[in-house]
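Peer 1: Once you've had a glance at the structure underneath, I'll fire off some questions.
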Amino acid sequence: MDQMKDYLMLDMYISPHVDTLYAWIRQRALRQYFSPYKSADLRKMSAAFNTTTAALEEELIQLILDGQIQARIDSQNKILYAKDVDQRSFTFEKSLKMGKEYQQRTKSVILRSLLLKYNISVRQTINQPLVQSSDQQSIACK
C-alpha cells in the first residue's frame with residue numbers, strides 16, 4: 001500500500017483524501033481480520049499489519065470505542081477477545097426497530113396519499129408562508 005501512496009499523492013484530486021482513505025482501508029482490514037475469531041493475539045496481529053503492538057492496541061481501542069468492533073482487550077496478555085452477544089435479544093431488538101421503521105414509513109405513505117387525494121399542496125412565499133388547496137383557499141401558517 002505504501003508503494004501506491006506515492007502515486008496517489010501526485011493526483012491533484014485524490015491527494016487531499018489519501019490519508020482518510022488509508023485509515024478507512026486499515027480499519028476495515030482490522031475488522032475483517034478479527035471477525036471470524038473469538039480471540040486474537042495482538043502480537044501476531046501486529047506482525048500481520050506491520051506495526052507495533054502498542055500502536056495496534058491504540059487502533060483497536062478506537063475501533064471498540066467507535067462501535068466498529070464488539071470486543072475487549074486484555075492488555076496484560078495482549079489478547080483481543082470478542083464480546084459474546086446474546087443472539088436472541090439482539091434479533092428481538094432488531095425486529096422491534098424494523099417494526100417501528102415500517103410503521104413510520106406506512107404513516108408517511110398514508111399522509112402523502114391523502115394529500116394527493118384532496119389536492120393539498122403547501123407553498124411558501126418569501127414574505128408569508130401559505131397553505132393552499134386545489135380551490136385556491138389560502139390559510140396563513142404561524
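In the C-alpha cells, chains take the letters A, B, ... in the order shown, each chain's residues start at 1, and ligands count up from 1 in the order shown.
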Which neighbours of segment 43-51 of chain A fall inside 7 Å, counting only C-alpha atoms, when residues of the same chain fewer than 3 positions from it are skipped, and could you give them as an MDAnalysis selection string?
Peer 2: chainID A and resid 55:56 78
Peer 1: Contacts of segment 17-24 of chain A at 9 Å or less, counting only C-alpha atoms, minus same-chain residues fewer than 3 places along, as a ChimeraX atom specification?
Peer 2: /A:1,5,8-9,13-14,27-29
Peer 1: Take the residues from that selection and put them in a file with N, CA and C atoms, as a compact mmCIF listing (two decimals), in the first residue's frame.
Peer 2:
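That gives us result.txt:
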```
# COMPACT_ATOMS: atom_id res chain seq x y z
N MET A 1 0.82 -1.19 0.00
CA MET A 1 0.00 0.00 0.00
C MET A 1 0.86 1.26 0.00
N LYS A 5 0.82 4.77 -2.40
CA LYS A 5 0.56 6.06 -1.76
C LYS A 5 1.30 7.18 -2.49
N LEU A 8 -0.64 8.04 -5.58
CA LEU A 8 -1.90 8.70 -5.26
C LEU A 8 -1.69 10.13 -4.77
N MET A 9 -0.58 10.38 -4.12
CA MET A 9 -0.29 11.74 -3.64
C MET A 9 -0.03 12.70 -4.81
N TYR A 13 -6.64 15.41 -7.38
CA TYR A 13 -7.98 15.22 -6.87
C TYR A 13 -8.03 14.27 -5.68
N ILE A 14 -7.19 13.28 -5.71
CA ILE A 14 -7.21 12.26 -4.65
C ILE A 14 -6.29 12.62 -3.49
N GLN A 27 -8.84 0.30 8.88
CA GLN A 27 -9.88 -0.06 9.84
C GLN A 27 -10.69 -1.26 9.34
N ARG A 28 -11.01 -1.24 8.06
CA ARG A 28 -11.77 -2.36 7.51
C ARG A 28 -10.95 -3.64 7.53
N ALA A 29 -9.67 -3.53 7.25
CA ALA A 29 -8.80 -4.71 7.29
C ALA A 29 -8.72 -5.27 8.71
```
Peer 1: List every residue of chain A that DSSP, applied to the backbone of this structure, places in strand (DSSP E or B), and write the result as a PyMOL selection string.
Peer 2: chain A and resi 39-41+71-74+79-82+120-124+129-133+138-140
Peer 1: Using the selection just defined, write its residues with N, CA and C atoms as a short mmCIF file (atom, residue, chain, number, x, y, z; two decimals), in the first residue's frame.
Peer 2:
```cif
data_model
loop_
_atom_site.label_atom_id
_atom_site.label_comp_id
_atom_site.auth_asym_id
_atom_site.auth_seq_id
_atom_site.Cartn_x
_atom_site.Cartn_y
_atom_site.Cartn_z
N SER A 39 -11.00 -14.89 19.74
CA SER A 39 -9.88 -14.18 20.35
C SER A 39 -8.73 -14.15 19.34
N ALA A 40 -7.90 -13.12 19.50
CA ALA A 40 -6.76 -12.98 18.60
C ALA A 40 -5.58 -12.44 19.40
N ASP A 41 -4.41 -12.93 19.11
CA ASP A 41 -3.18 -12.49 19.76
C ASP A 41 -2.72 -11.19 19.11
N ALA A 71 -15.59 -6.02 21.08
CA ALA A 71 -14.52 -6.81 21.69
C ALA A 71 -13.99 -6.09 22.93
N ARG A 72 -13.10 -6.79 23.62
CA ARG A 72 -12.38 -6.21 24.74
C ARG A 72 -10.92 -6.66 24.64
N ILE A 73 -10.04 -5.86 25.24
CA ILE A 73 -8.61 -6.12 25.12
C ILE A 73 -8.05 -6.50 26.48
N ASP A 74 -7.31 -7.60 26.50
CA ASP A 74 -6.54 -7.98 27.68
C ASP A 74 -5.14 -7.42 27.47
N ILE A 79 -4.18 -9.92 24.27
CA ILE A 79 -5.16 -10.72 23.54
C ILE A 79 -6.43 -9.90 23.36
N LEU A 80 -7.01 -9.99 22.18
CA LEU A 80 -8.28 -9.33 21.87
C LEU A 80 -9.38 -10.38 21.91
N TYR A 81 -10.39 -10.17 22.77
CA TYR A 81 -11.49 -11.11 22.93
C TYR A 81 -12.78 -10.51 22.36
N ALA A 82 -13.51 -11.32 21.59
CA ALA A 82 -14.81 -10.90 21.07
C ALA A 82 -15.83 -10.95 22.21
N ILE A 120 -54.04 18.82 -1.86
CA ILE A 120 -53.50 19.80 -0.92
C ILE A 120 -52.02 19.97 -1.21
N SER A 121 -51.61 21.21 -1.37
CA SER A 121 -50.19 21.49 -1.57
C SER A 121 -49.77 22.60 -0.63
N VAL A 122 -48.55 22.58 -0.24
CA VAL A 122 -48.01 23.58 0.68
C VAL A 122 -47.01 24.41 -0.09
N ARG A 123 -47.23 25.72 -0.08
CA ARG A 123 -46.32 26.64 -0.74
C ARG A 123 -45.88 27.70 0.24
N GLN A 124 -44.67 28.14 0.09
CA GLN A 124 -44.15 29.17 0.97
C GLN A 124 -43.69 30.33 0.12
N PRO A 129 -45.65 32.46 4.79
CA PRO A 129 -45.90 31.07 4.42
C PRO A 129 -47.40 30.82 4.30
N LEU A 130 -47.82 30.12 3.22
CA LEU A 130 -49.22 29.83 2.95
C LEU A 130 -49.43 28.35 2.72
N VAL A 131 -50.62 27.87 3.08
CA VAL A 131 -51.05 26.53 2.75
C VAL A 131 -52.20 26.68 1.78
N GLN A 132 -52.13 26.08 0.59
CA GLN A 132 -53.16 26.22 -0.42
C GLN A 132 -53.69 24.86 -0.83
N SER A 133 -55.00 24.79 -1.07
CA SER A 133 -55.61 23.58 -1.60
C SER A 133 -55.97 23.82 -3.05
N SER A 138 -56.44 30.18 0.84
CA SER A 138 -55.16 30.47 1.45
C SER A 138 -55.32 30.56 2.95
N ILE A 139 -54.50 29.84 3.63
CA ILE A 139 -54.52 29.87 5.10
C ILE A 139 -53.12 30.21 5.54
N ALA A 140 -52.99 31.23 6.35
CA ALA A 140 -51.66 31.64 6.83
C ALA A 140 -51.19 30.67 7.89
#
```
Peer 1: Enumerate, as a PyMOL selection string, the complete set of residues in segment 44-105 of chain A that a backbone-based DSSP assignment places in helix (DSSP H, G or I).
Peer 2: chain A and resi 44-48+53-65+87-105
Peer 1: Export, as a JSON list (two decimals), in the first residue's frame, the selected residues with N, CA and C atoms.
Peer 2:
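Output (selection-v5.json):
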```json
[["chain", "number", "residue", "atom", "x", "y", "z"],
["A", 44, "LYS", "N", 0.61, -11.36, 17.09],
["A", 44, "LYS", "CA", 0.50, -11.90, 15.73],
["A", 44, "LYS", "C", -0.19, -10.90, 14.79],
["A", 45, "MET", "N", -1.18, -10.20, 15.33],
["A", 45, "MET", "CA", -1.87, -9.19, 14.52],
["A", 45, "MET", "C", -0.92, -8.06, 14.15],
["A", 46, "SER", "N", -0.09, -7.63, 15.10],
["A", 46, "SER", "CA", 0.83, -6.53, 14.83],
["A", 46, "SER", "C", 1.86, -6.94, 13.78],
["A", 47, "ALA", "N", 2.27, -8.21, 13.80],
["A", 47, "ALA", "CA", 3.19, -8.70, 12.77],
["A", 47, "ALA", "C", 2.50, -8.72, 11.41],
["A", 48, "ALA", "N", 1.24, -9.12, 11.38],
["A", 48, "ALA", "CA", 0.49, -9.18, 10.12],
["A", 48, "ALA", "C", 0.25, -7.79, 9.55],
["A", 53, "THR", "N", 2.88, -3.47, 18.70],
["A", 53, "THR", "CA", 1.73, -3.94, 19.47],
["A", 53, "THR", "C", 1.01, -2.77, 20.13],
["A", 54, "ALA", "N", 1.76, -1.79, 20.63],
["A", 54, "ALA", "CA", 1.16, -0.63, 21.29],
["A", 54, "ALA", "C", 0.32, 0.20, 20.30],
["A", 55, "ALA", "N", 0.85, 0.40, 19.10],
["A", 55, "ALA", "CA", 0.11, 1.17, 18.09],
["A", 55, "ALA", "C", -1.14, 0.42, 17.65],
["A", 56, "LEU", "N", -1.03, -0.89, 17.49],
["A", 56, "LEU", "CA", -2.19, -1.70, 17.12],
["A", 56, "LEU", "C", -3.24, -1.66, 18.22],
["A", 57, "GLU", "N", -2.80, -1.71, 19.45],
["A", 57, "GLU", "CA", -3.72, -1.66, 20.58],
["A", 57, "GLU", "C", -4.49, -0.34, 20.59],
["A", 58, "GLU", "N", -3.81, 0.75, 20.29],
["A", 58, "GLU", "CA", -4.48, 2.06, 20.23],
["A", 58, "GLU", "C", -5.51, 2.10, 19.10],
["A", 59, "GLU", "N", -5.17, 1.54, 17.96],
["A", 59, "GLU", "CA", -6.12, 1.48, 16.84],
["A", 59, "GLU", "C", -7.35, 0.65, 17.20],
["A", 60, "LEU", "N", -7.11, -0.48, 17.85],
["A", 60, "LEU", "CA", -8.22, -1.34, 18.26],
["A", 60, "LEU", "C", -9.09, -0.68, 19.32],
["A", 61, "ILE", "N", -8.48, 0.05, 20.22],
["A", 61, "ILE", "CA", -9.25, 0.79, 21.24],
["A", 61, "ILE", "C", -10.18, 1.78, 20.56],
["A", 62, "GLN", "N", -9.68, 2.48, 19.56],
["A", 62, "GLN", "CA", -10.50, 3.44, 18.84],
["A", 62, "GLN", "C", -11.66, 2.75, 18.11],
["A", 63, "LEU", "N", -11.39, 1.60, 17.51],
["A", 63, "LEU", "CA", -12.45, 0.85, 16.83],
["A", 63, "LEU", "C", -13.51, 0.37, 17.81],
["A", 64, "ILE", "N", -13.08, -0.05, 18.99],
["A", 64, "ILE", "CA", -14.02, -0.50, 20.02],
["A", 64, "ILE", "C", -14.86, 0.67, 20.50],
["A", 65, "LEU", "N", -14.23, 1.82, 20.74],
["A", 65, "LEU", "CA", -14.97, 2.99, 21.20],
["A", 65, "LEU", "C", -15.96, 3.49, 20.14],
["A", 87, "GLN", "N", -27.73, -13.56, 20.87],
["A", 87, "GLN", "CA", -28.38, -13.50, 19.56],
["A", 87, "GLN", "C", -29.89, -13.33, 19.67],
["A", 88, "ARG", "N", -30.49, -13.96, 20.66],
["A", 88, "ARG", "CA", -31.94, -13.89, 20.80],
["A", 88, "ARG", "C", -32.38, -12.46, 21.09],
["A", 89, "SER", "N", -31.76, -11.82, 22.07],
["A", 89, "SER", "CA", -32.15, -10.44, 22.40],
["A", 89, "SER", "C", -31.76, -9.47, 21.28],
["A", 90, "PHE", "N", -30.65, -9.72, 20.62],
["A", 90, "PHE", "CA", -30.24, -8.88, 19.50],
["A", 90, "PHE", "C", -31.25, -8.95, 18.37],
["A", 91, "THR", "N", -31.69, -10.16, 18.04],
["A", 91, "THR", "CA", -32.68, -10.35, 16.98],
["A", 91, "THR", "C", -34.02, -9.72, 17.36],
["A", 92, "PHE", "N", -34.40, -9.84, 18.62],
["A", 92, "PHE", "CA", -35.65, -9.26, 19.09],
["A", 92, "PHE", "C", -35.60, -7.73, 18.99],
["A", 93, "GLU", "N", -34.51, -7.12, 19.44],
["A", 93, "GLU", "CA", -34.36, -5.66, 19.34],
["A", 93, "GLU", "C", -34.35, -5.19, 17.89],
["A", 94, "LYS", "N", -33.70, -5.96, 17.04],
["A", 94, "LYS", "CA", -33.65, -5.60, 15.63],
["A", 94, "LYS", "C", -35.03, -5.66, 14.99],
["A", 95, "SER", "N", -35.81, -6.69, 15.35],
["A", 95, "SER", "CA", -37.16, -6.81, 14.79],
["A", 95, "SER", "C", -38.06, -5.70, 15.30],
["A", 96, "LEU", "N", -37.93, -5.30, 16.56],
["A", 96, "LEU", "CA", -38.70, -4.16, 17.08],
["A", 96, "LEU", "C", -38.35, -2.88, 16.33],
["A", 97, "LYS", "N", -37.08, -2.66, 16.09],
["A", 97, "LYS", "CA", -36.64, -1.46, 15.37],
["A", 97, "LYS", "C", -37.21, -1.46, 13.95],
["A", 98, "MET", "N", -37.16, -2.61, 13.28],
["A", 98, "MET", "CA", -37.69, -2.70, 11.93],
["A", 98, "MET", "C", -39.20, -2.45, 11.92],
["A", 99, "GLY", "N", -39.92, -2.94, 12.93],
["A", 99, "GLY", "CA", -41.36, -2.71, 13.03],
["A", 99, "GLY", "C", -41.69, -1.24, 13.20],
["A", 100, "LYS", "N", -40.93, -0.54, 14.02],
["A", 100, "LYS", "CA", -41.16, 0.89, 14.22],
["A", 100, "LYS", "C", -40.87, 1.67, 12.94],
["A", 101, "GLU", "N", -39.81, 1.29, 12.24],
["A", 101, "GLU", "CA", -39.49, 1.96, 10.97],
["A", 101, "GLU", "C", -40.59, 1.71, 9.95],
["A", 102, "TYR", "N", -41.13, 0.50, 9.91],
["A", 102, "TYR", "CA", -42.22, 0.16, 8.99],
["A", 102, "TYR", "C", -43.47, 0.99, 9.31],
["A", 103, "GLN", "N", -43.80, 1.13, 10.59],
["A", 103, "GLN", "CA", -44.94, 1.96, 10.98],
["A", 103, "GLN", "C", -44.75, 3.40, 10.53],
["A", 104, "GLN", "N", -43.57, 3.94, 10.72],
["A", 104, "GLN", "CA", -43.31, 5.33, 10.33],
["A", 104, "GLN", "C", -43.44, 5.50, 8.82],
["A", 105, "ARG", "N", -42.88, 4.58, 8.05],
["A", 105, "ARG", "CA", -42.99, 4.67, 6.59],
["A", 105, "ARG", "C", -44.44, 4.54, 6.14]]
```
Peer 1: Which one of A:Asn77, A:Ser15, A:Gln68, A:Thr125 sits closest to Gln32 of chain A if you count only C-alpha atoms?
Peer 2: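 Using only C-alpha atoms, Gln32 of chain A sits closest to A:Gln68.
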Peer 1: How many Å separate atom CA of Asp11 of chain A from atom CA of Arg26 of chain A?
Peer 2: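 Separation of atom CA of Asp11 of chain A and atom CA of Arg26 of chain A: 20.9 Å.
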Peer 1: Please measure the separation of atom CA of Gln3 of chain A and atom CA of Arg31 of chain A, giving the value in Å to one decimal.
Peer 2: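 Between these atoms lies a distance of 23.0 Å.
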